[in-house]
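Shown below: input-v3.tsv, with TSV, C-alpha atoms.
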chain	number	residue	atom	x	y	z
A	251	MET	CA	84.15	96.93	100.98
A	252	LYS	CA	86.73	94.22	100.58
A	253	VAL	CA	87.19	92.66	97.12
A	254	LEU	CA	89.22	89.56	96.28
A	255	PHE	CA	90.42	89.36	92.68
A	256	ILE	CA	91.77	86.05	91.36
A	257	GLY	CA	94.11	85.90	88.35
A	258	ASP	CA	93.62	83.81	85.20
A	259	ILE	CA	92.44	80.31	86.20
A	260	VAL	CA	94.13	77.86	83.82
A	261	GLY	CA	92.50	74.49	83.14
A	262	ASN	CA	91.81	71.70	85.57
A	263	THR	CA	95.00	72.39	87.54
A	264	GLY	CA	93.82	75.93	88.17
A	265	ARG	CA	90.35	74.75	89.11
A	266	LYS	CA	91.87	72.28	91.57
A	267	ALA	CA	93.95	75.06	93.13
A	268	LEU	CA	90.88	77.25	93.42
A	269	LYS	CA	88.93	74.55	95.28
A	270	GLU	CA	91.80	73.98	97.70
A	271	THR	CA	92.56	77.62	98.47
A	272	LEU	CA	89.31	79.56	98.30
A	273	PRO	CA	87.81	78.41	101.63
A	274	ARG	CA	90.89	79.54	103.57
A	275	LEU	CA	91.17	82.76	101.59
A	276	LYS	CA	87.58	83.54	102.54
A	277	SER	CA	88.37	82.82	106.17
A	278	LYS	CA	91.50	85.01	106.18
A	279	TYR	CA	90.28	88.02	104.21
A	280	ASN	CA	86.48	87.90	104.62
A	281	PRO	CA	85.90	89.43	101.16
A	282	HIS	CA	82.46	90.80	100.40
A	283	ILE	CA	82.86	90.19	96.67
A	284	ILE	CA	85.08	87.73	94.78
A	285	ILE	CA	85.96	88.23	91.10
A	286	ALA	CA	88.06	85.91	88.93
A	287	ASN	CA	89.32	85.81	85.36
A	288	GLY	CA	87.96	82.66	83.71
A	289	GLU	CA	89.07	82.92	80.08
A	290	ASN	CA	91.51	79.98	80.38
A	291	ALA	CA	89.38	77.78	82.60
A	292	ALA	CA	88.38	75.15	79.99
A	293	SER	CA	91.59	73.31	79.04
A	294	GLY	CA	93.37	76.64	78.88
A	295	ARG	CA	91.04	78.16	76.28
A	296	GLY	CA	87.66	79.68	77.04
A	297	ILE	CA	85.01	78.64	79.52
A	298	THR	CA	81.96	76.37	79.56
A	299	PRO	CA	78.60	76.73	81.33
A	300	LYS	CA	79.51	73.81	83.62
A	301	ILE	CA	82.78	75.43	84.71
A	302	ALA	CA	81.13	78.82	85.21
A	303	ARG	CA	78.50	77.19	87.46
A	304	GLU	CA	81.26	75.42	89.37
A	305	PHE	CA	82.97	78.74	90.04
A	306	PHE	CA	79.74	80.40	91.19
A	307	GLU	CA	79.02	77.46	93.51
A	308	LEU	CA	82.48	77.86	95.05
A	309	GLY	CA	81.60	81.45	95.94
A	310	ILE	CA	82.91	83.52	93.04
A	311	HIS	CA	80.49	86.36	92.34
A	312	GLY	CA	81.71	87.61	88.96
A	313	LEU	CA	83.86	86.38	86.05
A	314	THR	CA	85.90	88.33	83.53
A	315	MET	CA	87.27	87.10	80.21
A	316	GLY	CA	89.77	88.16	77.51
A	317	ASN	CA	91.20	87.20	74.13
A	318	HIS	CA	90.19	83.54	74.59
A	319	THR	CA	86.55	84.44	75.23
A	320	TRP	CA	85.28	82.70	72.09
A	321	ASP	CA	87.65	79.70	72.01
A	322	ASN	CA	85.09	77.31	73.50
A	323	LYS	CA	81.95	77.38	71.37
A	324	GLU	CA	79.72	76.51	74.34
A	325	ILE	CA	79.99	80.10	75.52
A	326	PHE	CA	77.56	81.18	72.82
A	327	ASP	CA	74.89	79.05	74.53
A	328	PHE	CA	74.91	81.04	77.75
A	329	ILE	CA	76.86	84.31	77.57
A	330	ASP	CA	73.76	86.40	76.80
A	331	ASP	CA	71.92	84.86	79.77
A	332	GLU	CA	74.63	85.09	82.44
A	333	PRO	CA	74.92	88.61	83.89
A	334	ARG	CA	77.70	87.60	86.27
A	335	LEU	CA	80.11	87.03	83.36
A	336	VAL	CA	81.60	89.86	81.29
A	337	ARG	CA	83.75	89.83	78.15
A	338	PRO	CA	85.91	92.73	76.91
A	339	ALA	CA	83.65	95.73	76.42
A	340	ASN	CA	85.67	97.01	73.48
A	341	TYR	CA	84.66	94.18	71.17
A	342	PRO	CA	82.65	95.69	68.29
A	343	PRO	CA	78.96	96.59	68.75
A	344	GLY	CA	76.68	93.59	68.39
A	345	THR	CA	79.11	91.13	69.99
A	346	PRO	CA	77.29	88.70	72.32
A	347	GLY	CA	77.50	89.21	76.07
A	348	LEU	CA	78.10	92.15	78.37
A	349	GLY	CA	81.18	94.33	78.75
A	350	SER	CA	80.19	95.54	82.20
A	351	THR	CA	77.77	94.50	84.91
A	352	ILE	CA	76.79	95.13	88.53
A	353	ILE	CA	77.77	92.45	91.04
A	354	LYS	CA	75.68	92.30	94.21
A	355	ALA	CA	76.75	90.17	97.17
A	356	ASN	CA	76.77	90.35	100.96
A	357	GLY	CA	74.92	93.65	100.93
A	358	LYS	CA	77.50	95.29	98.64
A	359	GLU	CA	77.50	96.45	95.02
A	360	LEU	CA	80.48	96.52	92.68
A	361	ALA	CA	80.48	97.65	89.06
A	362	LEU	CA	82.61	95.23	87.05
A	363	VAL	CA	84.21	96.21	83.74
A	364	ASN	CA	86.28	94.08	81.34
A	365	LEU	CA	88.51	95.65	78.68
A	366	MET	CA	91.18	94.24	76.35
A	367	GLY	CA	94.38	95.85	75.14
A	368	ARG	CA	95.38	96.19	71.50
A	369	THR	CA	99.18	95.99	71.67
A	370	PHE	CA	100.25	92.50	70.48
A	371	LEU	CA	96.57	91.42	70.59
A	372	PRO	CA	93.75	91.59	68.02
A	373	ALA	CA	93.00	95.11	66.82
A	374	ILE	CA	89.61	95.72	68.40
A	375	ASP	CA	88.02	98.99	69.49
A	376	ASP	CA	89.91	101.59	71.54
A	377	PRO	CA	89.92	100.44	75.21
A	378	PHE	CA	90.69	103.94	76.52
A	379	ARG	CA	87.74	105.58	74.80
A	380	MET	CA	85.51	102.67	75.82
A	381	ALA	CA	86.74	102.99	79.41
A	382	ASP	CA	85.76	106.66	79.39
A	383	ASP	CA	82.27	105.93	78.09
A	384	ILE	CA	81.55	103.07	80.48
A	385	VAL	CA	83.07	104.62	83.61
A	386	ASP	CA	81.35	107.95	83.00
A	387	GLU	CA	78.01	106.15	82.82
A	388	LEU	CA	78.59	103.76	85.72
A	389	SER	CA	79.85	106.50	88.04
A	390	LYS	CA	76.48	108.22	87.89
A	391	LYS	CA	75.11	105.49	90.18
A	392	HIS	CA	78.09	103.54	91.48
A	393	LYS	CA	81.11	104.57	93.51
A	394	CYS	CA	82.93	101.23	93.53
A	395	ILE	CA	84.19	100.13	90.10
A	396	LEU	CA	86.66	97.36	89.23
A	397	VAL	CA	88.33	97.22	85.81
A	398	ASP	CA	90.03	94.02	84.58
A	399	PHE	CA	92.31	95.17	81.75
A	400	HIS	CA	93.29	92.06	79.81
A	401	ALA	CA	96.41	93.16	77.94
A	402	GLU	CA	99.87	92.04	76.85
A	403	ALA	CA	101.98	95.19	77.08
A	404	THR	CA	102.86	96.47	80.54
A	405	SER	CA	103.02	100.01	79.14
A	406	GLU	CA	99.42	99.80	77.94
A	407	LYS	CA	98.28	98.50	81.32
A	408	ILE	CA	100.15	101.18	83.26
A	409	ALA	CA	98.70	103.80	80.94
A	410	MET	CA	95.19	102.55	81.71
A	411	GLY	CA	95.89	102.75	85.44
A	412	TRP	CA	96.88	106.41	85.16
A	413	HIS	CA	94.05	107.10	82.72
A	414	LEU	CA	91.47	105.90	85.24
A	415	ASP	CA	93.15	107.07	88.45
A	416	GLY	CA	90.54	108.62	90.73
A	417	ARG	CA	87.66	107.41	88.59
A	418	VAL	CA	87.59	103.70	89.51
A	419	SER	CA	88.46	101.68	92.61
A	420	LEU	CA	90.81	99.14	91.02
A	421	VAL	CA	92.55	98.61	87.69
A	422	VAL	CA	94.03	95.11	87.63
A	423	GLY	CA	95.78	93.53	84.66
A	424	THR	CA	95.38	89.97	83.46
A	425	HIS	CA	96.62	87.88	80.48
A	426	THR	CA	100.38	87.53	80.99
A	427	HIS	CA	99.97	84.97	83.83
A	428	VAL	CA	103.01	86.39	85.69
A	429	GLN	CA	102.23	88.40	88.80
A	430	SER	CA	103.85	91.84	88.80
A	431	ASN	CA	105.35	93.50	91.86
A	432	ASP	CA	103.95	96.99	91.42
A	433	ASP	CA	100.82	96.89	93.56
A	434	THR	CA	100.04	100.42	94.67
A	435	VAL	CA	97.32	102.95	95.33
A	436	LEU	CA	97.73	105.74	92.77
A	437	PRO	CA	97.60	109.39	93.91
A	438	GLN	CA	93.90	109.94	93.19
A	439	GLY	CA	92.79	106.75	94.96
A	440	THR	CA	92.76	103.94	92.38
A	441	ALA	CA	94.42	100.67	93.38
A	442	TYR	CA	96.60	99.28	90.62
A	443	LEU	CA	98.43	96.03	89.75
A	444	THR	CA	99.90	95.45	86.28
A	445	ASP	CA	99.14	91.72	86.37
A	446	ALA	CA	97.37	89.66	89.00
A	447	GLY	CA	99.15	86.48	87.89
A	448	MET	CA	97.56	83.08	87.32
A	449	VAL	CA	96.06	80.08	89.07
A	450	GLY	CA	97.45	76.88	87.59
A	451	SER	CA	100.57	74.77	87.20
A	452	ARG	CA	103.80	76.42	88.27
A	453	GLU	CA	105.77	73.55	86.66
A	454	GLY	CA	104.55	74.37	83.18
A	455	ILE	CA	105.04	77.49	81.05
A	456	LEU	CA	102.20	79.92	81.81
A	457	GLY	CA	100.20	76.88	82.92
A	458	MET	CA	100.80	74.77	79.80
A	459	GLU	CA	103.03	71.69	79.39
A	460	ARG	CA	106.66	72.68	78.92
A	461	SER	CA	107.51	70.25	76.13
A	462	ALA	CA	105.01	71.68	73.65
A	463	VAL	CA	105.90	75.29	74.40
A	464	LEU	CA	109.63	74.57	74.12
A	465	ARG	CA	109.09	72.77	70.82
A	466	LYS	CA	107.21	75.79	69.50
A	467	PHE	CA	110.04	78.14	70.43
A	468	THR	CA	112.85	75.90	69.21
A	469	THR	CA	111.31	74.70	65.93
A	470	GLN	CA	108.60	77.25	65.05
A	471	LEU	CA	106.44	74.28	64.01
A	472	PRO	CA	102.73	74.04	64.88
A	473	VAL	CA	102.11	72.35	68.23
A	474	ARG	CA	99.12	71.56	70.39
A	475	PHE	CA	99.30	73.07	73.86
A	476	GLN	CA	97.97	71.07	76.81
A	477	VAL	CA	97.36	72.21	80.38
A	478	ASP	CA	100.18	71.08	82.65
A	479	GLU	CA	99.26	68.81	85.58
A	480	GLY	CA	102.13	69.82	87.88
A	481	LYS	CA	101.97	71.47	91.27
A	482	TRP	CA	99.95	74.65	91.30
A	483	HIS	CA	100.49	78.23	92.28
A	484	PHE	CA	97.76	80.75	93.05
A	485	HIS	CA	97.91	84.50	92.46
A	486	GLY	CA	95.52	87.34	93.05
A	487	CYS	CA	95.01	90.43	95.16
A	488	VAL	CA	92.68	91.80	97.79
A	489	VAL	CA	91.59	95.43	97.87
A	490	ASP	CA	89.96	97.51	100.61
A	491	ILE	CA	87.63	100.14	99.17
A	492	ASP	CA	86.06	103.15	100.88
A	493	GLU	CA	82.41	102.85	99.84
A	494	ALA	CA	81.74	106.52	100.45
A	495	THR	CA	84.28	107.65	97.86
A	496	GLY	CA	84.98	104.54	95.80
A	497	HIS	CA	88.69	105.07	96.44
A	498	ALA	CA	90.98	102.22	97.45
A	499	LYS	CA	92.55	102.29	100.88
A	500	LYS	CA	94.87	99.32	100.44
A	501	ILE	CA	95.88	96.63	97.92
A	502	GLU	CA	97.66	93.40	98.86
A	503	LYS	CA	99.06	90.76	96.50
A	504	ILE	CA	98.37	87.08	97.16
A	505	ARG	CA	100.81	84.30	96.16
A	506	LEU	CA	100.34	80.72	97.30
A	507	LEU	CA	102.26	77.55	96.37
A	508	GLU	CA	100.97	73.99	96.59
A	509	ASP	CA	102.53	72.06	99.50
A	510	GLU	CA	104.38	75.15	100.68
A	511	TRP	CA	101.78	77.80	101.45
A	512	ILE	CA	100.97	78.84	104.97
A	513	MET	CA	98.34	81.42	105.90
A	514	ASP	CA	98.52	83.28	109.19
Represent the structure contained in this file as structure tokens.
Amino acid sequence: MKVLFIGDIVGNTGRKALKETLPRLKSKYNPHIIIANGENAASGRGITPKIAREFFELGIHGLTMGNHTWDNKEIFDFIDDEPRLVRPANYPPGTPGLGSTIIKANGKELALVNLMGRTFLPAIDDPFRMADDIVDELSKKHKCILVDFHAEATSEKIAMGWHLDGRVSLVVGTHTHVQSNDDTVLPQGTAYLTDAGMVGSREGILGMERSAVLRKFTTQLPVRFQVDEGKWHFHGCVVDIDEATGHAKKIEKIRLLEDEWIMD
């Protein structure tokens, strides 16, 4: 099985980049299943039903979220009815939506899990204990499991990779919007990448307009962040998975730049 994972899609610039790149990515990699992080898709904060439908129509099969899950109130209108979208599973019991789901596409099945870290983020339930509970249950029926660990601290992400090595197919980090250079297959067969990166403006700061972010850092005054409209960059990864074992055979980073990218 070949899985394409797309990093945090930020606002309309990120959505534009997705539309321009996805057809050629499909042609180059022929992924069976495409997953993307959509928690910044609506003006940088949250997601709407319209945007989620747009992503599904483009060919994305599953969406993960993170700490901005609830920033757009429209999510409450559809999250309980959309099984292709998952929010962090370690939110407290009773939280709307699903923390894991099964994605079926092109004759393949992939268990999709979303977790959120606690270092420098809201103090929610333990992601490591929740990972154990969910993976133990999913592995009874499914070999291929992808975990999007939405976390700030690289140490926490790396710890999750080692914690789940051999038990899931891929642990990929999101949230920091900067692609890391540590893509690897761990000793027991789990592909790992600390952060997939982002899809959005490369001329802003993490996809947002520079002026507002700089004002925040230099004055510490409240500011309103807006999605930057500059040229985009696109980050993600593609993973080859042995369906018989659920172990990864290969992971490859993807980095594309508007007006500069060339695909063999």
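Pairwise distance (atom CA of A:Ala494, atom CA of A:Ala446) equals 25.7 Å.
One distance worth recording is that between atom CA of A:Glu453 and atom CA of A:Ile256, which is 19.3 Å.
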Spatial neighbours of A:Gly264, 9 Å, all atoms listed in the file, chain gap at least 5 places, as a list in words: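 The contact residues come out as Asp258, Ile259, Lys269, Ala291, Met448, Val449, Gly450, Ser451, Gly457, Trp482, His483 and Phe484 of chain A.
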task: Kindly give the distance, in Å, that separates atom CA of A:Asp321 and atom CA of A:Pro338, rounded to a single decimal.
output: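 That distance, rounded to one decimal, is 14.0 Å.
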- prompt: So which one's closest to A:Leu313, A:Ala339, A:Ile297, A:Ile285, A:Ile325? Using all atoms listed in the file, please.
  reply: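 That would be A:Ile285, the residue with the smallest distance to A:Leu313.
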field: Which residue of A:Thr319, A:Asn280, A:Thr424, A:Asn364 approaches A:Asn340 most closely, using only C-alpha atoms
entry: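 Checking each candidate against A:Asn340, we get A:Asn364 as the closest.
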Shell of 8 Å around A:Cys487, all atoms listed in the file, local chain residues under 5 positions omitted, as an mmCIF file with C-alpha atoms, keeping the file's coordinate frame:
data_model
loop_
_atom_site.group_PDB
_atom_site.id
_atom_site.type_symbol
_atom_site.label_atom_id
_atom_site.label_comp_id
_atom_site.auth_asym_id
_atom_site.auth_seq_id
_atom_site.Cartn_x
_atom_site.Cartn_y
_atom_site.Cartn_z
ATOM 1 C CA LEU A 254 89.220 89.560 96.280
ATOM 2 C CA PHE A 255 90.420 89.360 92.680
ATOM 3 C CA ILE A 256 91.770 86.050 91.360
ATOM 4 C CA ALA A 446 97.370 89.660 89.000
ATOM 5 C CA ILE A 501 95.880 96.630 97.920
ATOM 6 C CA GLU A 502 97.660 93.400 98.860
ATOM 7 C CA LYS A 503 99.060 90.760 96.500
ATOM 8 C CA ILE A 504 98.370 87.080 97.160
#
task: Name the residues in contact with stretch 365-371 of chain A at a cut-off of 10 Å, using all atoms listed in the file, excluding same-chain residues fewer than 5 positions from it; report them as a VMD selection string.
output: chain A and resid 314 to 317 336 to 341 349 to 350 376 to 378 380 to 381 397 to 407 410 423 to 425
statement: Using all atoms listed in the file, the shortest atom-to-atom distance to A:His497 among A:Arg295, A:Lys393, A:Lys466, A:Lys266 belongs to A:Lys393
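For A:Ile352, the list of residues within 8 Å, based on all atoms listed in the file and with local chain neighbours fewer than 2 positions off taken out, reads Arg334, Ser350, Lys354, Glu359, Leu360, Ala361 and Leu362 of chain A.
Minimum distance to A:Phe326 across A:Val253, A:Leu388, A:Thr345, A:Val422 (counting all atoms listed in the file) occurs at A:Thr345.
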task: Find the residue from A:Gly454, A:Gly496, A:Gly480, A:Pro299 that sits nearest to A:Ala441; use all atoms listed in the file when measuring.
output: A:Gly496
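Within 7 Å of the point (84.6, 99.3, 87.7), counting only C-alpha atoms, the protein and nucleic acid residues come to A:Ala361, A:Leu362, A:Val363, A:Val385, A:Cys394, A:Ile395, A:Leu396, A:Val397, A:Val418, A:Ser419.
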- request: Give me the residues within 12 Å of A:Gly357 as a PyMOL selection string, counting all atoms listed in the file and dropping any in the same chain fewer than 5 places off.
  value: chain A and resi 251-252+281-283+493
Write a file of the selected residues as a PDB file, in the coordinates of the input, keeping C-alpha atoms.
ATOM      1  CA  MET A 251      84.150  96.930 100.980  1.00  0.00           C
ATOM      2  CA  LYS A 252      86.730  94.220 100.580  1.00  0.00           C
ATOM      3  CA  PRO A 281      85.900  89.430 101.160  1.00  0.00           C
ATOM      4  CA  HIS A 282      82.460  90.800 100.400  1.00  0.00           C
ATOM      5  CA  ILE A 283      82.860  90.190  96.670  1.00  0.00           C
ATOM      6  CA  GLU A 493      82.410 102.850  99.840  1.00  0.00           C
TER       7      GLU A 493
END
- request: Go through A:Asn287, A:Thr468, A:Asn322, A:Thr426 one by one, measure the shortest atom-to-atom distance of each to A:Phe305 using all atoms listed in the file, and give the residue with the smallest value.
  value: A:Asn287
